[in-house]
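Please read the structure below before turning to the comments.
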There are 4 protein chains.
Amino acid sequence: MQTPELSVSKWLNTSDDLSIEKLKGRVIAIHAFQMLCPGCVLHGVPQAQKLFETFSQEHVAVIGLHTVFEHHEAMQEVSLRAFLHEFRVTFPVGIDQPSVGQDIPQTMERFQLRGTPTWLIFDKAGELKLHAFGRIDDLLLGAEVAKLAFENLPITTNIYKKKGKQNETF
Amino acid sequence: MQTPELSVSKWLNTSDDLSIEKLKGRVIAIHAFQMLCPGCVLHGVPQAQKLFETFSQEHVAVIGLHTVFEHHEAMQEVSLRAFLHEFRVTFPVGIDQPSVGQDIPQTMERFQLRGTPTWLIFDKAGELKLHAFGRIDDLLLGAEVAKLAFENLPITTNIYKKKGKQNETF
Amino acid sequence: MQTPELSVSKWLNTSDDLSIEKLKGRVIAIHAFQMLCPGCVLHGVPQAQKLFETFSQEHVAVIGLHTVFEHHEAMQEVSLRAFLHEFRVTFPVGIDQPSVGQDIPQTMERFQLRGTPTWLIFDKAGELKLHAFGRIDDLLLGAEVAKLAFENLPITTNIYKKKGKQNETF
Amino acid sequence: MQTPELSVSKWLNTSDDLSIEKLKGRVIAIHAFQMLCPGCVLHGVPQAQKLFETFSQEHVAVIGLHTVFEHHEAMQEVSLRAFLHEFRVTFPVGIDQPSVGQDIPQTMERFQLRGTPTWLIFDKAGELKLHAFGRIDDLLLGAEVAKLAFENLPITTNIYKKKGKQNETF
């Protein structure tokens with residue numbers, strides 16, 4: 001099956017117009033969220049921020065996708081911007097393109113998301129490898145991303161943004 | 001440098017006499033802890049248990065090492081056994097062999113550990129690749145272990161013990 | 001000093017038009033928050049909900065006050081309503097009356113609040129007894145509210161909404 | 001019914017030989033725990049330490065009671081001492097007097113405790129007012145202790161050890 005492309009009405013935290021096609025060559029980790037979804041605010045978004053701060057952007061692209069499917073008036077761009085500012089979200093976030101006449105926005109529809117939070121993780125060829133709805137453990141997420149990041153790379157490659165201060169060997 | 005070998009007076013939660021030599025061919029993740037060290041009880045040991053439950057034992061060996069270097073009388077085998085039982089620790093745990101006439105036990109001395117908790121992670125060839133003293137984040141730990149586990153394996157290999165219930169694709 | 005009165009443009013989660021004057025006779029615990037303030041979302045609002053669920057409304061009135069002093073466009077009534085719904089906030093919440101031509105709303109100005117989250121706690125005579133900016137511990141908050149609730153009441157009075165299931169004696 | 005008295009084989013963190021009789025005049029909050037009970041280590045003991053640090057000792061006596069009813073050999077005095085040191089427990093702790101020929105120690109038997117952790121809270125007359133087995137919320141615990149502490153005292157009495165740094169009014 002052909003992987004669908006993102007449909008985004010506006011990008012925040014980036015000046016680029018991002019797409020799966022353009023990001024090929026890196027692992028792409030897309031975090032679909034809503035700014036008023038408790039599971040996203042309390043767990044998913046902080047996890048995405050941590051993922052963004054752990055891996056080198058050269059190897060792993062972490063992207064938020066604001067997939068509003070309820071309370072549309074409550075989560076307009078001005079509110080999302082304040083949320084990202086106050087909760088110190090620094091990874092790029094795309095606003096999922098609303099669909100005319102229905103609640104589910106376009107990218108959410110294309111990927112058949114069941115709700116938020118959802119992780120969509122693509123390998124370097126742009127193929128969807130993980131579709132996880134709900135809470136996923138940090139340990140497993142780190143493992144999945146690392147697995148895809150090291151594909152066809154020497155294991156000695158540094159895929160991290162910064163090394164842990166106490167980690168002497170790696 | 002030659003990797004030192006473990007020196008263990010007794011193994012718990014296993015009938016095998018484990019060693020780095022015997023475990024070669026798998027990633028070996030050794031968690032050095034003390035049962036009365038708050039950082040171990042509150043963070044390190046639960047993290048080791050989670051690592052043990054996430055990865056297949058065929059690919060990753062998770063082992064505890066009880067490296068008592070203080071309060072020796074307080075942390076004898078009978079107390080350690082009750083701790084492992086009550087805190088539901090099911091991975092193999094070796095008691096680091098005490099050294100005659102000094103506080104630091106033998107394996108702790110050989111690997112020059114700075115304290116507890118400490119992770120020692122070895123690649124499949126038995127070479128020490130990560131030596132981390134203190135708290136290490138789950139996401140980074142999962143990434144490091146996965147990286148070593150996939151070395152020379154097809155990326156499609158299943159290295160996990162169980163799949164997350166909500167993860168539909170991988 | 002005369003205690004100022006609340007100035008509220010709209011009440012949510014209640015059909016009453018609440019005021020300190022009307023609530024006299026009970027302890028009044030006012031939680032001033034903003035729906036996009038991380039310290040409020042992660043700690044203050046859940047604490048207020050717990051306070052509301054612990055004490056009998058007959059003795060303790062728990063009230064939220066949405067004191068928007070920044071990102072005004074981001075935190076309009078429609079967004080606040082969705083926030084309260086999604087985060088399961090059931091105590092009454094008043095929207096602090098905006099001030100013409102300045103960021104600080106009227107009640108926030110009258111009580112000289114330094115920011116959010118802030119607790120304002122009044123005794124049964126409507127006198128301000130505690131003004132706490134920032135995080136306050138549950139144990140201390142419970143103690144302060146109980147102290148004021150029992151003033152001039154027999155100590156055997158039940159001031160709780162529900163008893164803890166495991167508490168056999170009280 | 002006559003309140004039973006404590007039966008303690010040794011006191012730690014105090015040079016006094018404490019008893020309910022001697023502590024009358026203050027609220028007495030007894031936390032029954034075992035050093036290898038996860039619910040005690042992760043929640044109960046830190047809560048008792050917080051209670052001890054919140055209220056003035058003049059008004060509230062917080063006491064630990066080490067009620068070992070299983071794994072007796074694992075939780076001897078030498079291990080308890082190391083636990084208290086490492087987990088920074090500074091309130092007085094009594095070792096519940098073992099009973100000859102049975103697992104349940106004497107005070108645990110007298111008060112008919114169902115297990116650990118358990119709170120026993122007495123009013124200033126030494127009468128048992130709360131017997132709570134399992135986890136009790138900080139907010140409710142603070143309220144219960146404050147209620148008993150203010151009995152027959154002017155509400156303006158300071159019953160706290162230290163005031164919260166941000167609390168300007170009380």
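Naming scheme: A, B, ... for chains in displayed order of the structure tokens; residues 1 onward per chain; ligands 1 onward as shown.
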- Write out as a PyMOL selection string all residues of stretch 39-147 of chain D that DSSP puts in alpha helix (DSSP H) for this structure's backbone. chain D and resi 39+45-54+77-86+106-110+138-147
Residue list for chain D near chain C as a PDB file with N, CA and C atoms, in the first residue's frame, 9 Å, only C-alpha atoms:
```
ATOM      1  N   GLN D  47       5.261   9.580  53.420  1.00  0.00           N
ATOM      2  CA  GLN D  47       4.127  10.371  53.916  1.00  0.00           C
ATOM      3  C   GLN D  47       4.287  10.656  55.414  1.00  0.00           C
ATOM      4  N   LYS D  50       6.800  13.335  55.834  1.00  0.00           N
ATOM      5  CA  LYS D  50       6.218  14.639  55.504  1.00  0.00           C
ATOM      6  C   LYS D  50       5.323  15.151  56.633  1.00  0.00           C
ATOM      7  N   LEU D  51       4.550  14.244  57.227  1.00  0.00           N
ATOM      8  CA  LEU D  51       3.699  14.634  58.357  1.00  0.00           C
ATOM      9  C   LEU D  51       4.566  15.153  59.504  1.00  0.00           C
ATOM     10  N   THR D  54       5.802  18.579  58.774  1.00  0.00           N
ATOM     11  CA  THR D  54       4.778  19.617  58.626  1.00  0.00           C
ATOM     12  C   THR D  54       4.302  20.145  59.977  1.00  0.00           C
ATOM     13  N   PHE D  55       4.012  19.236  60.901  1.00  0.00           N
ATOM     14  CA  PHE D  55       3.411  19.668  62.169  1.00  0.00           C
ATOM     15  C   PHE D  55       4.463  19.837  63.265  1.00  0.00           C
ATOM     16  N   LEU D 128      -8.120   6.264  70.343  1.00  0.00           N
ATOM     17  CA  LEU D 128      -7.928   5.955  68.925  1.00  0.00           C
ATOM     18  C   LEU D 128      -9.083   6.523  68.109  1.00  0.00           C
ATOM     19  N   LYS D 129      -8.766   7.397  67.138  1.00  0.00           N
ATOM     20  CA  LYS D 129      -9.807   8.053  66.354  1.00  0.00           C
ATOM     21  C   LYS D 129      -9.803   7.613  64.891  1.00  0.00           C
ATOM     22  N   LEU D 130      -8.660   7.161  64.409  1.00  0.00           N
ATOM     23  CA  LEU D 130      -8.589   6.726  63.009  1.00  0.00           C
ATOM     24  C   LEU D 130      -7.695   5.498  62.909  1.00  0.00           C
ATOM     25  N   HIS D 131      -8.214   4.468  62.250  1.00  0.00           N
ATOM     26  CA  HIS D 131      -7.447   3.257  62.002  1.00  0.00           C
ATOM     27  C   HIS D 131      -7.566   2.985  60.502  1.00  0.00           C
ATOM     28  N   ALA D 132      -6.515   3.299  59.745  1.00  0.00           N
ATOM     29  CA  ALA D 132      -6.595   3.235  58.286  1.00  0.00           C
ATOM     30  C   ALA D 132      -5.545   2.275  57.749  1.00  0.00           C
ATOM     31  N   PHE D 133      -6.006   1.200  57.131  1.00  0.00           N
ATOM     32  CA  PHE D 133      -5.112   0.228  56.508  1.00  0.00           C
ATOM     33  C   PHE D 133      -4.984   0.551  55.029  1.00  0.00           C
ATOM     34  N   GLY D 134      -3.770   0.544  54.511  1.00  0.00           N
ATOM     35  CA  GLY D 134      -3.556   0.817  53.089  1.00  0.00           C
ATOM     36  C   GLY D 134      -3.256   2.285  52.860  1.00  0.00           C
ATOM     37  N   ARG D 135      -3.409   2.695  51.637  1.00  0.00           N
ATOM     38  CA  ARG D 135      -3.005   4.044  51.259  1.00  0.00           C
ATOM     39  C   ARG D 135      -4.079   5.067  51.617  1.00  0.00           C
ATOM     40  N   ILE D 136      -3.688   6.123  52.276  1.00  0.00           N
ATOM     41  CA  ILE D 136      -4.601   7.218  52.584  1.00  0.00           C
ATOM     42  C   ILE D 136      -4.021   8.479  51.953  1.00  0.00           C
ATOM     43  N   ASP D 137      -4.888   9.281  51.387  1.00  0.00           N
ATOM     44  CA  ASP D 137      -4.436  10.462  50.676  1.00  0.00           C
ATOM     45  C   ASP D 137      -3.863  11.522  51.621  1.00  0.00           C
ATOM     46  N   ASP D 138      -2.827  12.229  51.155  1.00  0.00           N
ATOM     47  CA  ASP D 138      -2.202  13.290  51.949  1.00  0.00           C
ATOM     48  C   ASP D 138      -3.208  14.339  52.407  1.00  0.00           C
ATOM     49  N   LEU D 139      -4.117  14.712  51.524  1.00  0.00           N
ATOM     50  CA  LEU D 139      -5.050  15.784  51.832  1.00  0.00           C
ATOM     51  C   LEU D 139      -5.955  15.405  53.002  1.00  0.00           C
ATOM     52  N   LEU D 140      -6.436  14.163  52.971  1.00  0.00           N
ATOM     53  CA  LEU D 140      -7.312  13.684  54.032  1.00  0.00           C
ATOM     54  C   LEU D 140      -6.529  13.493  55.332  1.00  0.00           C
ATOM     55  N   LEU D 141      -5.326  12.981  55.228  1.00  0.00           N
ATOM     56  CA  LEU D 141      -4.499  12.782  56.424  1.00  0.00           C
ATOM     57  C   LEU D 141      -4.207  14.121  57.100  1.00  0.00           C
ATOM     58  N   GLY D 142      -3.842  15.122  56.296  1.00  0.00           N
ATOM     59  CA  GLY D 142      -3.586  16.452  56.852  1.00  0.00           C
ATOM     60  C   GLY D 142      -4.813  17.007  57.542  1.00  0.00           C
ATOM     61  N   ALA D 143      -5.973  16.779  56.942  1.00  0.00           N
ATOM     62  CA  ALA D 143      -7.225  17.277  57.518  1.00  0.00           C
ATOM     63  C   ALA D 143      -7.528  16.586  58.843  1.00  0.00           C
ATOM     64  N   GLU D 144      -7.367  15.270  58.890  1.00  0.00           N
ATOM     65  CA  GLU D 144      -7.670  14.528  60.113  1.00  0.00           C
ATOM     66  C   GLU D 144      -6.770  14.940  61.270  1.00  0.00           C
ATOM     67  N   VAL D 145      -5.479  15.091  60.958  1.00  0.00           N
ATOM     68  CA  VAL D 145      -4.530  15.445  62.013  1.00  0.00           C
ATOM     69  C   VAL D 145      -4.791  16.870  62.498  1.00  0.00           C
ATOM     70  N   ALA D 146      -5.071  17.780  61.571  1.00  0.00           N
ATOM     71  CA  ALA D 146      -5.343  19.169  61.969  1.00  0.00           C
ATOM     72  C   ALA D 146      -6.597  19.250  62.827  1.00  0.00           C
ATOM     73  N   LYS D 147      -7.622  18.511  62.439  1.00  0.00           N
ATOM     74  CA  LYS D 147      -8.871  18.520  63.211  1.00  0.00           C
ATOM     75  C   LYS D 147      -8.598  18.168  64.669  1.00  0.00           C
ATOM     76  N   LEU D 148      -7.843  17.097  64.884  1.00  0.00           N
ATOM     77  CA  LEU D 148      -7.562  16.664  66.256  1.00  0.00           C
ATOM     78  C   LEU D 148      -6.607  17.621  66.964  1.00  0.00           C
ATOM     79  N   ALA D 149      -5.694  18.208  66.189  1.00  0.00           N
ATOM     80  CA  ALA D 149      -4.711  19.105  66.807  1.00  0.00           C
ATOM     81  C   ALA D 149      -5.367  20.383  67.323  1.00  0.00           C
ATOM     82  N   PHE D 150      -6.421  20.848  66.656  1.00  0.00           N
ATOM     83  CA  PHE D 150      -7.048  22.112  67.045  1.00  0.00           C
ATOM     84  C   PHE D 150      -8.133  21.946  68.100  1.00  0.00           C
ATOM     85  N   GLU D 151      -8.388  20.717  68.501  1.00  0.00           N
ATOM     86  CA  GLU D 151      -9.434  20.514  69.506  1.00  0.00           C
ATOM     87  C   GLU D 151      -9.072  21.289  70.777  1.00  0.00           C
ATOM     88  N   PRO D 154      -7.327  27.664  70.423  1.00  0.00           N
ATOM     89  CA  PRO D 154      -7.758  28.771  69.551  1.00  0.00           C
ATOM     90  C   PRO D 154      -7.261  28.510  68.137  1.00  0.00           C
ATOM     91  N   ILE D 155      -8.075  28.871  67.174  1.00  0.00           N
ATOM     92  CA  ILE D 155      -7.759  28.570  65.784  1.00  0.00           C
ATOM     93  C   ILE D 155      -6.532  29.344  65.298  1.00  0.00           C
ATOM     94  N   TYR D 160       2.141  24.263  63.100  1.00  0.00           N
ATOM     95  CA  TYR D 160       3.073  23.801  62.068  1.00  0.00           C
ATOM     96  C   TYR D 160       4.518  23.981  62.500  1.00  0.00           C
ATOM     97  N   GLY D 164       5.078  27.269  54.883  1.00  0.00           N
ATOM     98  CA  GLY D 164       5.437  27.202  53.473  1.00  0.00           C
ATOM     99  C   GLY D 164       5.981  28.556  53.056  1.00  0.00           C
ATOM    100  N   LYS D 165       6.998  28.523  52.225  1.00  0.00           N
ATOM    101  CA  LYS D 165       7.689  29.770  51.905  1.00  0.00           C
ATOM    102  C   LYS D 165       6.822  30.751  51.125  1.00  0.00           C
ATOM    103  N   GLN D 166       5.840  30.203  50.396  1.00  0.00           N
ATOM    104  CA  GLN D 166       5.073  31.105  49.548  1.00  0.00           C
ATOM    105  C   GLN D 166       3.752  31.524  50.186  1.00  0.00           C
ATOM    106  N   ASN D 167       3.543  31.075  51.413  1.00  0.00           N
ATOM    107  CA  ASN D 167       2.219  31.297  51.984  1.00  0.00           C
ATOM    108  C   ASN D 167       2.262  32.542  52.835  1.00  0.00           C
ATOM    109  N   GLU D 168       1.686  33.587  52.309  1.00  0.00           N
ATOM    110  CA  GLU D 168       1.927  34.894  52.887  1.00  0.00           C
ATOM    111  C   GLU D 168       1.024  35.214  54.056  1.00  0.00           C
ATOM    112  N   THR D 169      -0.109  34.577  54.119  1.00  0.00           N
ATOM    113  CA  THR D 169      -1.102  35.041  55.068  1.00  0.00           C
ATOM    114  C   THR D 169      -1.125  34.265  56.369  1.00  0.00           C
ATOM    115  N   PHE D 170      -0.959  32.967  56.304  1.00  0.00           N
ATOM    116  CA  PHE D 170      -1.145  32.200  57.549  1.00  0.00           C
ATOM    117  C   PHE D 170       0.173  32.054  58.299  1.00  0.00           C
TER     118      PHE D 170
END
```
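Proximity to D:His66 was assessed for D:Asp17, D:Val8, D:Leu113, D:Pro46 counting only C-alpha atoms; the smallest distance is recorded for D:Val8.
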- Pull the strand (DSSP E) assignments for stretch 5-37 of chain D out of DSSP run on the backbone, and list those residues as a ChimeraX atom specification. /D:8-12,27-33
